[in-house]
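Asks: Input file: final00.txt. Contents: compact mmCIF, C-alpha atoms.
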# COMPACT_ATOMS: atom_id res chain seq x y z
CA MET A 101 8.50 -10.79 43.96
CA SER A 102 9.29 -12.02 40.48
CA ASN A 103 7.03 -9.29 39.22
CA VAL A 104 9.22 -6.67 40.87
CA ASN A 105 12.36 -8.20 39.40
CA GLU A 106 10.84 -8.39 35.96
CA MET A 107 9.78 -4.76 36.13
CA VAL A 108 13.19 -3.67 37.37
CA ASP A 109 14.90 -5.63 34.61
CA LYS A 110 12.76 -4.04 31.98
CA LEU A 111 13.25 -0.49 33.22
CA LEU A 112 16.93 -1.04 33.82
CA GLN A 113 17.34 -2.14 30.23
CA GLU A 114 15.83 1.13 29.03
CA LEU A 115 17.98 3.08 31.45
CA ARG A 116 21.16 1.32 30.29
CA ARG A 117 20.47 1.81 26.63
CA GLY A 118 21.15 5.53 26.87
CA THR A 119 24.14 5.32 29.15
CA ILE A 120 25.98 2.72 27.10
CA THR A 121 26.53 5.26 24.33
CA ILE A 122 28.24 7.64 26.74
CA ALA A 123 30.25 4.80 28.23
CA VAL A 124 31.46 3.78 24.78
CA LEU A 125 32.32 7.29 23.67
CA SER A 126 34.24 7.87 26.92
CA GLN A 127 36.68 5.07 26.11
CA LEU A 128 37.41 5.81 22.49
CA GLU A 129 39.91 8.64 22.61
CA LYS A 130 42.36 5.88 21.87
CA PRO A 131 41.46 3.30 19.27
CA GLN A 132 39.92 0.12 20.61
CA TYR A 133 38.46 -2.91 18.98
CA GLY A 134 35.12 -4.27 20.05
CA TYR A 135 36.17 -6.96 22.43
CA SER A 136 38.85 -4.89 24.16
CA LEU A 137 36.12 -2.35 24.80
CA VAL A 138 33.87 -5.02 26.33
CA THR A 139 36.73 -5.96 28.66
CA ILE A 140 37.59 -2.39 29.62
CA LEU A 141 33.98 -1.52 30.34
CA ALA A 142 33.50 -4.71 32.34
CA GLU A 143 36.57 -3.93 34.43
CA LYS A 144 35.06 -0.58 35.29
CA GLY A 145 31.78 -2.15 36.24
CA VAL A 146 29.78 -1.49 33.08
CA GLN A 147 28.50 -4.80 31.76
CA VAL A 148 27.80 -4.70 28.07
CA GLU A 149 27.19 -7.78 25.99
CA ALA A 150 29.29 -8.07 22.87
CA GLY A 151 26.10 -8.71 20.94
CA THR A 152 24.88 -5.25 21.96
CA LEU A 153 28.15 -3.41 21.70
CA TYR A 154 29.19 -4.49 18.20
CA PRO A 155 26.02 -3.29 16.49
CA LEU A 156 26.15 -0.10 18.56
CA LEU A 157 29.70 0.66 17.40
CA ARG A 158 28.58 0.25 13.83
CA ARG A 159 25.61 2.54 14.36
CA LEU A 160 27.77 5.23 15.97
CA GLU A 161 30.16 4.99 13.04
CA LYS A 162 27.30 5.39 10.62
CA GLN A 163 26.19 8.47 12.52
CA GLY A 164 29.69 9.90 12.11
CA LEU A 165 30.67 9.82 15.78
CA LEU A 166 33.30 7.14 15.29
CA ILE A 167 35.79 6.25 12.63
CA SER A 168 36.99 2.73 12.11
CA GLU A 169 39.91 0.96 10.57
CA TRP A 170 40.75 -2.66 10.06
CA ASP A 171 44.06 -3.72 11.49
CA THR A 172 45.15 -6.72 9.50
CA ASN A 173 48.76 -6.78 10.63
CA GLU A 174 48.19 -9.12 13.52
CA ALA A 175 47.22 -12.74 13.35
CA ARG A 176 43.61 -11.86 13.92
CA PRO A 177 42.19 -9.00 11.87
CA ARG A 178 40.42 -6.53 14.12
CA LYS A 179 38.32 -3.50 13.49
CA PHE A 180 39.45 -0.57 15.59
CA TYR A 181 37.14 2.27 16.45
CA LEU A 182 38.13 5.83 17.38
CA LEU A 183 36.25 9.04 18.17
CA SER A 184 35.87 11.31 15.17
CA ALA A 185 36.13 15.10 15.54
CA LEU A 186 32.36 15.23 15.62
CA GLY A 187 32.33 12.39 18.13
CA LYS A 188 34.64 14.33 20.44
CA ASP A 189 32.43 17.42 20.38
CA VAL A 190 29.34 15.37 20.91
CA TYR A 191 30.94 13.49 23.78
CA ILE A 192 31.98 16.70 25.58
CA LYS A 193 28.48 18.15 25.30
CA LEU A 194 26.90 14.87 26.26
CA LEU A 195 29.12 14.62 29.31
CA ASP A 196 28.05 18.08 30.42
CA GLU A 197 24.43 17.13 30.12
CA TRP A 198 25.03 13.87 31.88
CA LYS A 199 26.60 15.60 34.86
CA LYS A 200 23.72 18.01 35.10
CA MET A 201 21.28 15.19 34.89
CA ALA A 202 23.13 13.17 37.50
CA SER A 203 23.13 16.05 39.96
CA SER A 204 19.46 16.78 39.32
CA MET A 205 18.63 13.17 39.90
CA GLU A 206 20.73 13.23 43.01
CA GLY A 207 18.74 16.22 44.21
CA LEU A 208 15.47 14.56 43.44
CA ILE A 209 16.31 11.33 45.18
CA ASN A 210 17.98 12.73 48.29
CA GLY A 211 16.17 16.02 48.69
CA GLY A 212 12.62 14.70 48.86
CA GLY A 213 11.58 16.81 45.94
CA THR A 214 10.97 20.43 47.08
CA GLU A 215 14.50 21.72 47.44
CA HIS A 216 15.31 21.78 43.81
CA GLY A 217 14.64 25.21 42.40
CA ASN A 218 14.80 27.03 45.76
CA ASP A 219 18.51 27.75 45.53
CA MET B 258 35.33 -24.54 13.54
CA GLU B 259 32.29 -25.46 11.59
CA MET B 260 29.80 -24.32 14.20
CA ILE B 261 31.26 -20.82 14.23
CA GLU B 262 30.86 -20.51 10.49
CA LYS B 263 27.31 -21.77 10.76
CA TYR B 264 26.56 -19.16 13.38
CA ILE B 265 28.16 -16.35 11.38
CA TYR B 266 26.21 -17.37 8.32
CA ALA B 267 22.99 -17.51 10.34
CA VAL B 268 23.55 -13.90 11.38
CA THR B 269 24.88 -12.41 8.16
CA HIS B 270 22.41 -13.89 5.72
CA ARG B 271 19.75 -11.87 7.53
CA LEU B 272 21.66 -8.65 6.83
CA PRO B 273 21.97 -6.42 3.77
CA GLN B 274 24.44 -7.79 1.21
CA SER B 275 26.73 -4.78 1.49
CA GLN B 276 27.45 -5.31 5.19
CA ARG B 277 27.77 -9.08 5.23
CA ALA B 278 31.49 -9.53 4.60
CA ASP B 279 32.50 -6.85 7.08
CA ILE B 280 30.24 -8.07 9.85
CA ALA B 281 31.29 -11.67 9.23
CA MET B 282 34.94 -10.74 9.65
CA GLU B 283 34.14 -8.73 12.76
CA LEU B 284 32.12 -11.55 14.30
CA ARG B 285 34.81 -14.09 13.55
CA GLY B 286 37.31 -11.90 15.38
CA LEU B 287 34.95 -11.40 18.28
CA ILE B 288 34.24 -15.09 18.70
CA GLU B 289 37.95 -15.88 18.60
CA ASP B 290 38.60 -13.19 21.22
CA MET B 291 35.88 -14.57 23.44
CA LEU B 292 37.23 -18.10 23.02
CA GLY B 293 40.74 -16.90 23.73
CA GLU B 294 39.62 -15.35 26.97
CA ARG B 295 37.78 -18.47 28.02
CA THR B 296 40.63 -20.87 27.39
CA ASN B 297 43.53 -18.55 28.11
CA GLY B 298 45.08 -19.45 24.80
CA GLY B 299 44.77 -23.17 25.42
CA PRO B 300 43.04 -25.64 23.12
CA VAL B 301 39.42 -24.86 22.33
CA ALA B 302 36.81 -27.45 23.12
CA GLN B 303 33.43 -27.80 21.50
CA GLU B 304 31.74 -26.78 24.77
CA ASP B 305 33.66 -23.50 24.77
CA VAL B 306 32.40 -22.67 21.33
CA GLU B 307 28.87 -23.53 22.33
CA SER B 308 28.96 -21.40 25.44
CA VAL B 309 30.39 -18.43 23.52
CA LEU B 310 27.69 -18.69 20.87
CA LEU B 311 25.05 -19.02 23.58
CA GLU B 312 26.35 -15.85 25.13
CA LEU B 313 26.06 -14.03 21.82
CA GLY B 314 22.45 -15.13 21.64
CA HIS B 315 20.09 -16.20 18.92
CA PRO B 316 21.44 -15.28 15.45
CA LYS B 317 18.09 -13.73 14.61
CA ASP B 318 18.29 -11.37 17.61
CA LEU B 319 21.86 -10.42 16.84
CA ALA B 320 20.99 -9.73 13.21
CA GLU B 321 18.09 -7.61 14.40
CA LYS B 322 20.43 -5.54 16.55
CA TYR B 323 22.73 -5.05 13.58
CA ARG B 324 19.84 -3.96 11.41
CA GLY B 325 18.61 -1.66 14.12
CA SER B 326 14.98 -2.17 13.20
CA LYS B 327 12.51 -4.94 13.07
CA ARG B 328 11.07 -5.95 9.78
CA TYR B 329 7.39 -6.43 9.32
CA LEU B 330 5.22 -7.83 6.63
CA ILE B 331 2.46 -5.74 8.10
CA GLY B 332 3.62 -3.43 10.86
CA PRO B 333 1.80 -2.41 14.02
CA GLU B 334 0.51 0.81 12.49
CA LEU B 335 -1.14 -1.07 9.63
CA PHE B 336 -2.22 -4.14 11.53
CA HIS B 337 -5.47 -2.68 12.81
CA PRO B 338 -6.83 -1.50 9.44
CA TYR B 339 -5.62 -4.78 7.97
CA ILE B 340 -7.71 -6.80 10.39
CA THR B 341 -10.65 -4.45 9.86
CA VAL B 342 -10.56 -4.87 6.08
CA LEU B 343 -10.23 -8.65 6.44
CA LYS B 344 -13.24 -8.81 8.73
CA ILE B 345 -15.39 -6.66 6.48
CA VAL B 346 -14.44 -8.56 3.36
CA PHE B 347 -15.09 -11.94 4.94
CA PHE B 348 -18.37 -10.75 6.33
CA ALA B 349 -19.49 -9.31 3.00
CA LEU B 350 -18.40 -12.46 1.18
CA VAL B 351 -20.38 -14.69 3.50
CA VAL B 352 -23.46 -12.49 3.25
CA ALA B 353 -23.31 -12.25 -0.54
CA MET B 354 -22.68 -15.96 -0.97
CA SER B 355 -25.51 -16.74 1.41
CA VAL B 356 -27.90 -14.68 -0.67
CA VAL B 357 -26.80 -16.55 -3.76
CA PHE B 358 -27.22 -19.83 -1.90
CA ILE B 359 -30.76 -18.97 -0.81
CA ILE B 360 -31.78 -17.96 -4.31
CA GLU B 361 -30.27 -21.11 -5.75
CA TYR B 362 -32.10 -23.15 -3.19
CA MET B 363 -35.39 -21.44 -4.00
CA ILE B 364 -34.96 -22.15 -7.69
CA GLU B 365 -33.98 -25.75 -7.23
CA PRO B 366 -34.95 -26.98 -3.78
CA ARG B 367 -34.27 -30.56 -4.67
CA SER B 368 -30.50 -30.36 -5.13
CA VAL B 369 -30.00 -28.84 -1.71
CA VAL B 370 -26.94 -30.96 -0.85
CA GLU B 371 -25.25 -29.85 -4.01
CA HIS B 372 -26.02 -26.20 -3.19
CA ILE B 373 -24.66 -26.53 0.33
CA PHE B 374 -21.52 -28.14 -1.00
CA GLY B 375 -21.09 -25.43 -3.61
CA TYR B 376 -21.80 -22.76 -1.00
CA VAL B 377 -19.15 -24.04 1.40
CA THR B 378 -16.48 -24.53 -1.25
CA SER B 379 -17.06 -21.12 -2.77
CA VAL B 380 -16.99 -19.40 0.63
CA VAL B 381 -13.74 -21.15 1.48
CA SER B 382 -12.03 -20.53 -1.84
CA ALA B 383 -13.22 -16.92 -2.05
CA SER B 384 -12.03 -16.30 1.51
CA MET B 385 -8.61 -17.71 0.67
CA GLN B 386 -8.39 -15.50 -2.41
CA ALA B 387 -9.48 -12.48 -0.42
CA PHE B 388 -7.01 -13.24 2.36
CA VAL B 389 -4.11 -13.54 -0.05
CA TRP B 390 -4.90 -10.37 -1.97
CA ILE B 391 -5.60 -8.25 1.05
CA THR B 392 -2.38 -9.42 2.68
CA VAL B 393 -0.39 -8.72 -0.46
CA GLY B 394 -1.96 -5.29 -0.74
CA PHE B 395 -1.17 -4.36 2.84
CA ALA B 396 2.34 -5.77 2.58
CA ILE B 397 2.95 -3.47 -0.38
CA ALA B 398 1.50 -0.56 1.56
CA GLN B 399 3.88 -1.41 4.42
CA TYR B 400 6.84 -1.64 2.07
CA LYS B 401 6.02 1.63 0.36
CA GLY B 402 5.42 3.31 3.69
CA VAL B 403 1.80 4.35 3.22
CA ALA B 404 1.45 4.92 6.94
CA PRO B 405 -1.00 7.12 8.81
CA LYS B 406 1.77 9.52 9.78
CA ALA B 407 1.50 10.92 6.25
CA GLY B 408 -0.35 13.92 7.65
CA ILE B 409 2.70 15.39 9.34
CA ALA B 410 5.40 13.83 7.20
CA GLU B 411 4.19 15.87 4.25
CA GLU B 412 5.50 19.01 5.93
CA SER B 413 9.16 19.99 6.16
CA GLU B 414 11.52 18.49 8.74
CA LYS B 415 11.40 21.55 10.95
CA TRP B 416 8.32 21.33 12.99
CA SER B 417 6.45 23.95 14.86
CA PRO B 418 3.09 23.75 16.57
CA SER B 419 1.72 26.11 13.94
CA TYR B 420 2.25 23.37 11.36
CA LEU B 421 -0.15 21.12 13.19
CA PRO B 422 -2.85 20.15 10.76
CA PRO B 423 -6.28 21.20 11.90
CA VAL B 424 -8.40 18.55 13.52
CA PRO B 425 -10.03 17.11 10.43
CA ASP B 426 -13.30 18.73 9.67
CA GLN B 427 -16.24 16.45 10.23
CA LYS B 428 -16.61 16.62 6.46
CA LYS B 429 -13.03 15.58 5.82
CA ARG B 430 -13.10 12.58 8.05
CA ILE B 431 -13.73 9.27 6.46
CA LYS B 432 -16.30 7.41 8.41
CA ARG B 433 -15.65 3.74 8.85
CA GLY B 434 -19.17 2.99 7.76
CA GLU B 435 -18.50 4.63 4.41
CA ALA B 436 -15.49 2.44 3.73
CA ILE B 437 -17.30 -0.64 4.96
CA THR B 438 -20.23 0.05 2.64
CA GLY B 439 -17.80 0.45 -0.22
CA ILE B 440 -16.20 -2.90 0.44
CA VAL B 441 -19.55 -4.61 0.81
CA PHE B 442 -20.65 -3.22 -2.55
CA SER B 443 -17.46 -4.38 -4.21
CA ILE B 444 -18.04 -7.88 -2.92
CA LEU B 445 -21.70 -7.84 -3.92
CA PHE B 446 -20.66 -6.70 -7.38
CA LEU B 447 -18.27 -9.62 -7.64
CA VAL B 448 -20.55 -12.28 -6.27
CA PHE B 449 -23.58 -11.26 -8.28
CA LEU B 450 -21.69 -11.00 -11.53
CA TYR B 451 -20.00 -14.27 -10.74
CA SER B 452 -23.27 -16.05 -10.22
CA SER B 453 -25.04 -13.89 -12.76
CA SER B 454 -26.18 -16.71 -14.96
CA HIS B 455 -28.59 -18.07 -12.42
CA VAL B 456 -29.44 -15.52 -9.74
CA PHE B 457 -28.90 -12.03 -11.11
CA GLY B 458 -31.92 -11.31 -13.20
CA VAL B 459 -35.68 -10.97 -13.33
CA MET B 460 -37.16 -13.41 -10.89
CA MET B 461 -40.34 -15.12 -11.86
CA PHE B 462 -42.66 -16.15 -9.07
CA GLU B 463 -45.55 -18.52 -9.29
CA ASP B 464 -47.86 -18.94 -6.31
CA GLY B 465 -45.29 -17.24 -4.13
CA GLU B 466 -42.54 -19.61 -5.20
CA LEU B 467 -39.54 -18.66 -7.23
CA VAL B 468 -39.69 -20.72 -10.37
CA ASN B 469 -37.27 -19.12 -12.75
CA VAL B 470 -34.70 -16.41 -13.14
CA ILE B 471 -34.12 -14.70 -16.44
CA PRO B 472 -30.53 -13.55 -16.18
CA PHE B 473 -29.54 -10.06 -17.26
CA LEU B 474 -26.09 -11.14 -18.25
CA ASN B 475 -24.53 -13.75 -20.44
CA GLY B 476 -22.92 -16.27 -18.14
CA GLU B 477 -20.42 -17.59 -20.66
CA ARG B 478 -19.19 -14.12 -21.45
CA ILE B 479 -18.83 -13.34 -17.76
CA GLU B 480 -16.68 -16.39 -17.32
CA GLN B 481 -14.35 -15.15 -20.02
CA PHE B 482 -14.10 -11.77 -18.35
CA ILE B 483 -13.90 -13.02 -14.79
CA ASN B 484 -10.36 -11.75 -14.35
CA ILE B 485 -11.41 -8.22 -15.20
CA ILE B 486 -14.22 -8.52 -12.70
CA TYR B 487 -11.74 -9.67 -10.06
CA VAL B 488 -9.52 -6.71 -10.81
CA ILE B 489 -12.43 -4.29 -10.47
CA THR B 490 -13.33 -5.83 -7.12
CA VAL B 491 -9.75 -5.76 -5.86
CA ILE B 492 -9.41 -2.11 -6.89
CA GLY B 493 -12.63 -1.31 -5.07
CA ILE B 494 -11.42 -2.96 -1.89
CA LEU B 495 -7.99 -1.37 -2.26
CA LYS B 496 -9.59 2.04 -2.49
CA GLU B 497 -11.65 1.54 0.63
CA GLY B 498 -8.63 0.07 2.41
CA LEU B 499 -6.64 3.22 1.65
CA LYS B 500 -9.47 5.33 3.00
CA LEU B 501 -9.50 3.30 6.20
CA ILE B 502 -5.73 3.61 6.60
CA ILE B 503 -5.44 7.31 5.89
CA GLY B 504 -8.61 8.13 7.74
CA LYS B 505 -9.29 11.55 6.26
CA TRP B 506 -9.35 13.15 2.86
CA THR B 507 -5.90 14.33 1.85
CA LYS B 508 -4.63 15.49 -1.51
CA LYS B 509 -2.71 12.26 -1.84
CA LEU B 510 -5.77 10.17 -1.11
CA ALA B 511 -7.88 12.17 -3.55
CA LEU B 512 -5.27 11.49 -6.21
CA TYR B 513 -5.20 7.76 -5.46
CA ASN B 514 -8.97 7.84 -5.58
CA LEU B 515 -8.90 9.51 -8.98
CA ILE B 516 -6.48 6.97 -10.41
CA LEU B 517 -8.32 3.95 -9.02
CA ASN B 518 -11.68 5.30 -10.16
CA ALA B 519 -10.32 5.99 -13.64
CA VAL B 520 -9.02 2.43 -13.94
CA THR B 521 -12.33 1.07 -12.67
CA LEU B 522 -14.26 3.16 -15.16
CA VAL B 523 -12.15 2.00 -18.07
CA LEU B 524 -12.64 -1.63 -17.06
CA VAL B 525 -16.37 -1.26 -16.46
CA ALA B 526 -16.84 0.51 -19.77
CA PHE B 527 -14.85 -2.18 -21.50
CA LEU B 528 -16.95 -4.85 -19.85
CA PHE B 529 -20.42 -3.45 -20.45
CA ASN B 530 -19.90 -1.85 -23.83
CA ASP B 531 -19.34 -5.32 -25.17
CA GLN B 532 -22.89 -6.12 -26.17
CA ALA B 533 -22.22 -9.83 -25.87
CA ILE B 534 -22.02 -9.56 -22.11
CA TRP B 535 -25.75 -9.00 -21.93
CA ASN B 536 -28.05 -11.97 -22.14
CA PRO B 537 -28.88 -12.01 -25.85
CA ASP B 538 -32.08 -13.96 -25.31
CA PHE B 539 -33.39 -11.81 -22.50
CA MET B 540 -36.45 -10.42 -24.31
CA GLN B 541 -37.24 -13.75 -25.84
CA GLU B 542 -37.08 -15.58 -22.54
CA LEU B 543 -39.12 -12.93 -20.83
CA ASN B 544 -41.68 -13.14 -23.54
CA GLN B 545 -41.84 -16.89 -23.37
CA VAL B 546 -42.22 -17.14 -19.65
CA SER B 547 -44.96 -14.55 -19.39
CA LYS B 548 -46.48 -15.07 -22.79
CA ALA B 549 -50.00 -14.89 -21.62
CA ASP B 550 -49.68 -11.62 -19.76
CA LEU B 551 -47.75 -9.49 -22.20
CA ASN B 552 -49.50 -7.48 -24.85
CA GLN B 553 -47.59 -5.74 -27.58
CA ASP B 554 -47.41 -2.41 -25.78
CA THR B 555 -45.99 -3.83 -22.60
CA TYR B 556 -43.54 -5.86 -24.58
CA ASP B 557 -42.33 -2.77 -26.42
CA LEU B 558 -42.09 -0.84 -23.23
CA ILE B 559 -40.03 -3.53 -21.54
CA LYS B 560 -37.85 -3.78 -24.59
CA THR B 561 -37.16 -0.06 -24.55
CA ILE B 562 -36.36 -0.18 -20.85
CA TRP B 563 -34.08 -3.17 -21.44
CA MET B 564 -32.20 -1.48 -24.27
CA GLN B 565 -31.85 1.74 -22.35
CA SER B 566 -30.79 0.22 -19.09
CA LYS B 567 -27.89 -1.44 -20.86
CA ALA B 568 -26.58 1.98 -21.77
CA TRP B 569 -27.48 3.39 -18.40
CA VAL B 570 -25.32 0.93 -16.51
CA VAL B 571 -22.16 2.48 -17.96
CA ILE B 572 -23.53 6.00 -17.65
CA GLY B 573 -24.56 5.28 -14.08
CA PHE B 574 -21.14 3.95 -13.22
CA THR B 575 -19.52 6.97 -14.84
CA ILE B 576 -21.67 9.40 -12.89
CA VAL B 577 -21.12 7.64 -9.57
CA LEU B 578 -17.36 7.45 -10.08
CA ILE B 579 -17.12 11.09 -11.18
CA ILE B 580 -19.11 12.22 -8.16
CA ASP B 581 -16.91 10.07 -5.93
CA THR B 582 -13.71 11.49 -7.43
CA VAL B 583 -14.83 15.10 -7.37
CA SER B 584 -16.12 14.87 -3.82
CA GLY B 585 -12.80 13.34 -2.79
CA PHE B 586 -10.91 16.31 -4.20
CA TYR B 587 -13.44 18.74 -2.79
CA LYS B 588 -13.05 17.30 0.70
CA ALA B 589 -9.27 17.14 0.37
CA TYR B 590 -9.00 20.82 -0.55
CA LEU B 591 -11.66 21.93 1.89
CA LYS B 592 -10.14 24.34 4.38
Let's see the structure in the file written out as structure tokens.
Replies:
Amino acid sequence: MSNVNEMVDKLLQELRRGTITIAVLSQLEKPQYGYSLVTILAEKGVQVEAGTLYPLLRRLEKQGLLISEWDTNEARPRKFYLLSALGKDVYIKLLDEWKKMASSMEGLINGGGTEHGND
Amino acid sequence: MEMIEKYIYAVTHRLPQSQRADIAMELRGLIEDMLGERTNGGPVAQEDVESVLLELGHPKDLAEKYRGSKRYLIGPELFHPYITVLKIVFFALVVAMSVVFIIEYMIEPRSVVEHIFGYVTSVVSASMQAFVWITVGFAIAQYKGVAPKAGIAEESEKWSPSYLPPVPDQKKRIKRGEAITGIVFSILFLVFLYSSSHVFGVMMFEDGELVNVIPFLNGERIEQFINIIYVITVIGILKEGLKLIIGKWTKKLALYNLILNAVTLVLVAFLFNDQAIWNPDFMQELNQVSKADLNQDTYDLIKTIWMQSKAWVVIGFTIVLIIDTVSGFYKAYLK
């Protein structure tokens, strides 16, 4: 049994890696700092470790999808992230693809395999 | 809290200088946020800090995520050729040293313990040297990105199936055996020059027993030049290592080959054009040992051969290296 769990864990990790990016982009129309994002995502059922999310935010910023700004007005300085113009475009396209993929997967899993492509 | 600062330092000192301050500030904020959530704004206990840091995970892992890539001294794509070169070099070293050991034993069977001791120490020390240099060489190759993907990376970023390089012609492929032979020869070159004063020469047999060796080379001189000999050997192994890594003749490899061969040639010429490197008493010793058997004609003949072969060593090296270089370019440009 532990073998099954191990395998599932491993594959799930790979599966999550791709979806986390979409999850993050979906929440950044308004500026958020890292930990608030962890909380929001957790509330909506997407568990992301801070240790994964913080580096990811940085990477997305480097790729030009996010812009960031330090807010030093409050007691605790925080780095806020926000979708860039490019990030918005990318997110919209990505969302499209995600929906297609989700419905294809749905078809595959429920339809037993042959239905897809007959319609 | 001291532990928090220790943790932040443990992460950031593994990161590029330019990002350290920013990430440190970000992490400090994150840890405070996590603590705040845990204690609901109440006083923070040591256990809270510990559990937050445990949740963030090992500093090394976190730093790795920030870097986005793992760092290797010798990465997976180079590891296999690295091990191959190590194996070949060790094997060649042991074989060459064993030959030297056997010859030494035959010359002086009585001091066998001494020979065994010398044999073991020289195998160990030579292996250490080889290990260090090969590792350094491969680490540099890793750092400079001399990876096997060179074949495709040479082309532009846009890729189309028509860019696929042809399956290397049988003639372009570098056979492992070829590289292995090259390394073995480099090692033999080193070991025989190194022990030149007592095993590399004309062997005199009496009743089927080896009684004396008249060395070709001047041992003292060799000792002075030992560093040059090391360099020649290292270059030889480096060259074969590159061949093993790249696997087929490319323009880049042919160029490397040219450069390394040129350096080798310069060093070899420098070494052997110095007349003092040859055993100055060679003819005399030969004459002495076989006094009875040599008449004037034979003596003259041997002398001529001796004088000429000195010159021919450099010429021979030159020819071999030129052929090697040209054939490299020929194979690289072969369609």
Asks: With all atoms listed in the file as the basis for distance, which of A:Ala123, A:Leu156, A:Leu166, A:Leu112 is at the shortest distance from Ile140 (chain A)?
Replies: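 Closest to Ile140 (chain A), using all atoms listed in the file: A:Ala123.
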Asks: Could you please tell me, as a ChimeraX atom specification, which residues of chain B have an atom within 12 Å of chain A when using all atoms listed in the file?
Replies: /B:268,272,276,279-294,309-326
Asks: If we count only C-alpha atoms and set the cut-off at 9 Å, which residues sit around Phe457 (chain B), ignoring sequence neighbours fewer than 3 positions away in its own chain? Please answer as a ChimeraX atom specification.
Replies: /B:357,449-450,452-454,460,470-474
Asks: Quick one: pull the distance between CA of Ser419 (chain B) and CA of Leu512 (chain B), Å, one decimal.
Replies: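 Between CA of Ser419 (chain B) and CA of Leu512 (chain B) the gap is 25.9 Å.
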Asks: Using CA of Asn475 (chain B) and CA of Val491 (chain B) as the two end points, give the distance in Å to one decimal.
Replies: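 For CA of Asn475 (chain B) relative to CA of Val491 (chain B), the distance reads 22.2 Å.
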Asks: Record the distance separating CA of Gln541 (chain B) and CA of Ile559 (chain B), expressed in Å with one decimal.
Replies: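 Between CA of Gln541 (chain B) and CA of Ile559 (chain B) the gap is 11.4 Å.
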Asks: With all atoms listed in the file as the basis for distance, which of A:Asn173, A:Ser168, A:Gln147, A:Ser102 is at the shortest distance from Lys130 (chain A)?
Replies: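 The shortest atom-to-atom distance to Lys130 (chain A) comes from A:Ser168.
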Asks: Every residue with an atom at most 10 Å from (-13.0, 11.7, -0.1) (file coordinates; all atoms listed in the file) is what I'm after, so could you write them as a PyMOL selection string?
Replies: chain B and resi 428-431+500+504-508+510-512+514+581-590
Asks: Let me have the centre and edge lengths of the axis-aligned box enclosing all listed atoms of region 286-300 of chain B with 6 Å padding on every side, in Å to one decimal, as JSON.
Replies:
{"center_x": 39.7, "center_y": -18.5, "center_z": 21.7, "size_x": 22.8, "size_y": 26.2, "size_z": 24.7}
Asks: With distances taken over only C-alpha atoms, which of A:Leu141, A:Val146, A:Val190, A:Leu115 is nearest to Gln163 (chain A)?
Replies: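 Comparing A:Leu141, A:Val146, A:Val190, A:Leu115 against Gln163 (chain A), the winner is A:Val190.
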Asks: Show me, as a ChimeraX atom specification, the residues that have an atom within 12 Å of region 561-567 of chain B when counting all atoms listed in the file, minus same-chain residues fewer than 3 positions from it.
Replies: /B:458-459,473-474,526,528-541,543,554-558,570-574
Asks: Go through A:Asn210, A:Glu106, A:Lys200, A:Leu194 and flag the residue nearest Gly118 (chain A), using only C-alpha atoms for the distances.
Replies: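 Of A:Asn210, A:Glu106, A:Lys200, A:Leu194, the one nearest Gly118 (chain A) is A:Leu194, counting only C-alpha atoms.
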Asks: Extract, using only C-alpha atoms, all DNA, RNA and protein residues at most 10 Å from region 380-390 of chain B, discarding same-chain residues fewer than 4 positions from it, and format them as a PDB file with C-alpha atoms, keeping the file's coordinate frame.
Replies:
ATOM      1  CA  VAL B 342     -10.560  -4.870   6.080  1.00  0.00           C
ATOM      2  CA  LEU B 343     -10.230  -8.650   6.440  1.00  0.00           C
ATOM      3  CA  LYS B 344     -13.240  -8.810   8.730  1.00  0.00           C
ATOM      4  CA  VAL B 346     -14.440  -8.560   3.360  1.00  0.00           C
ATOM      5  CA  PHE B 347     -15.090 -11.940   4.940  1.00  0.00           C
ATOM      6  CA  PHE B 348     -18.370 -10.750   6.330  1.00  0.00           C
ATOM      7  CA  LEU B 350     -18.400 -12.460   1.180  1.00  0.00           C
ATOM      8  CA  VAL B 351     -20.380 -14.690   3.500  1.00  0.00           C
ATOM      9  CA  VAL B 352     -23.460 -12.490   3.250  1.00  0.00           C
ATOM     10  CA  ALA B 353     -23.310 -12.250  -0.540  1.00  0.00           C
ATOM     11  CA  MET B 354     -22.680 -15.960  -0.970  1.00  0.00           C
ATOM     12  CA  SER B 355     -25.510 -16.740   1.410  1.00  0.00           C
ATOM     13  CA  PHE B 374     -21.520 -28.140  -1.000  1.00  0.00           C
ATOM     14  CA  GLY B 375     -21.090 -25.430  -3.610  1.00  0.00           C
ATOM     15  CA  TYR B 376     -21.800 -22.760  -1.000  1.00  0.00           C
ATOM     16  CA  GLY B 394      -1.960  -5.290  -0.740  1.00  0.00           C
ATOM     17  CA  PHE B 395      -1.170  -4.360   2.840  1.00  0.00           C
ATOM     18  CA  ALA B 396       2.340  -5.770   2.580  1.00  0.00           C
ATOM     19  CA  VAL B 448     -20.550 -12.280  -6.270  1.00  0.00           C
ATOM     20  CA  VAL B 491      -9.750  -5.760  -5.860  1.00  0.00           C
ATOM     21  CA  ILE B 494     -11.420  -2.960  -1.890  1.00  0.00           C
ATOM     22  CA  LEU B 495      -7.990  -1.370  -2.260  1.00  0.00           C
TER      23      LEU B 495
END
Asks: Which residue gives the smallest distance to Thr121 (chain A) among A:Met201, A:Leu165, A:Gly211, A:Tyr181, with only C-alpha atoms counted?
Replies: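 Using only C-alpha atoms, Thr121 (chain A) sits closest to A:Leu165.
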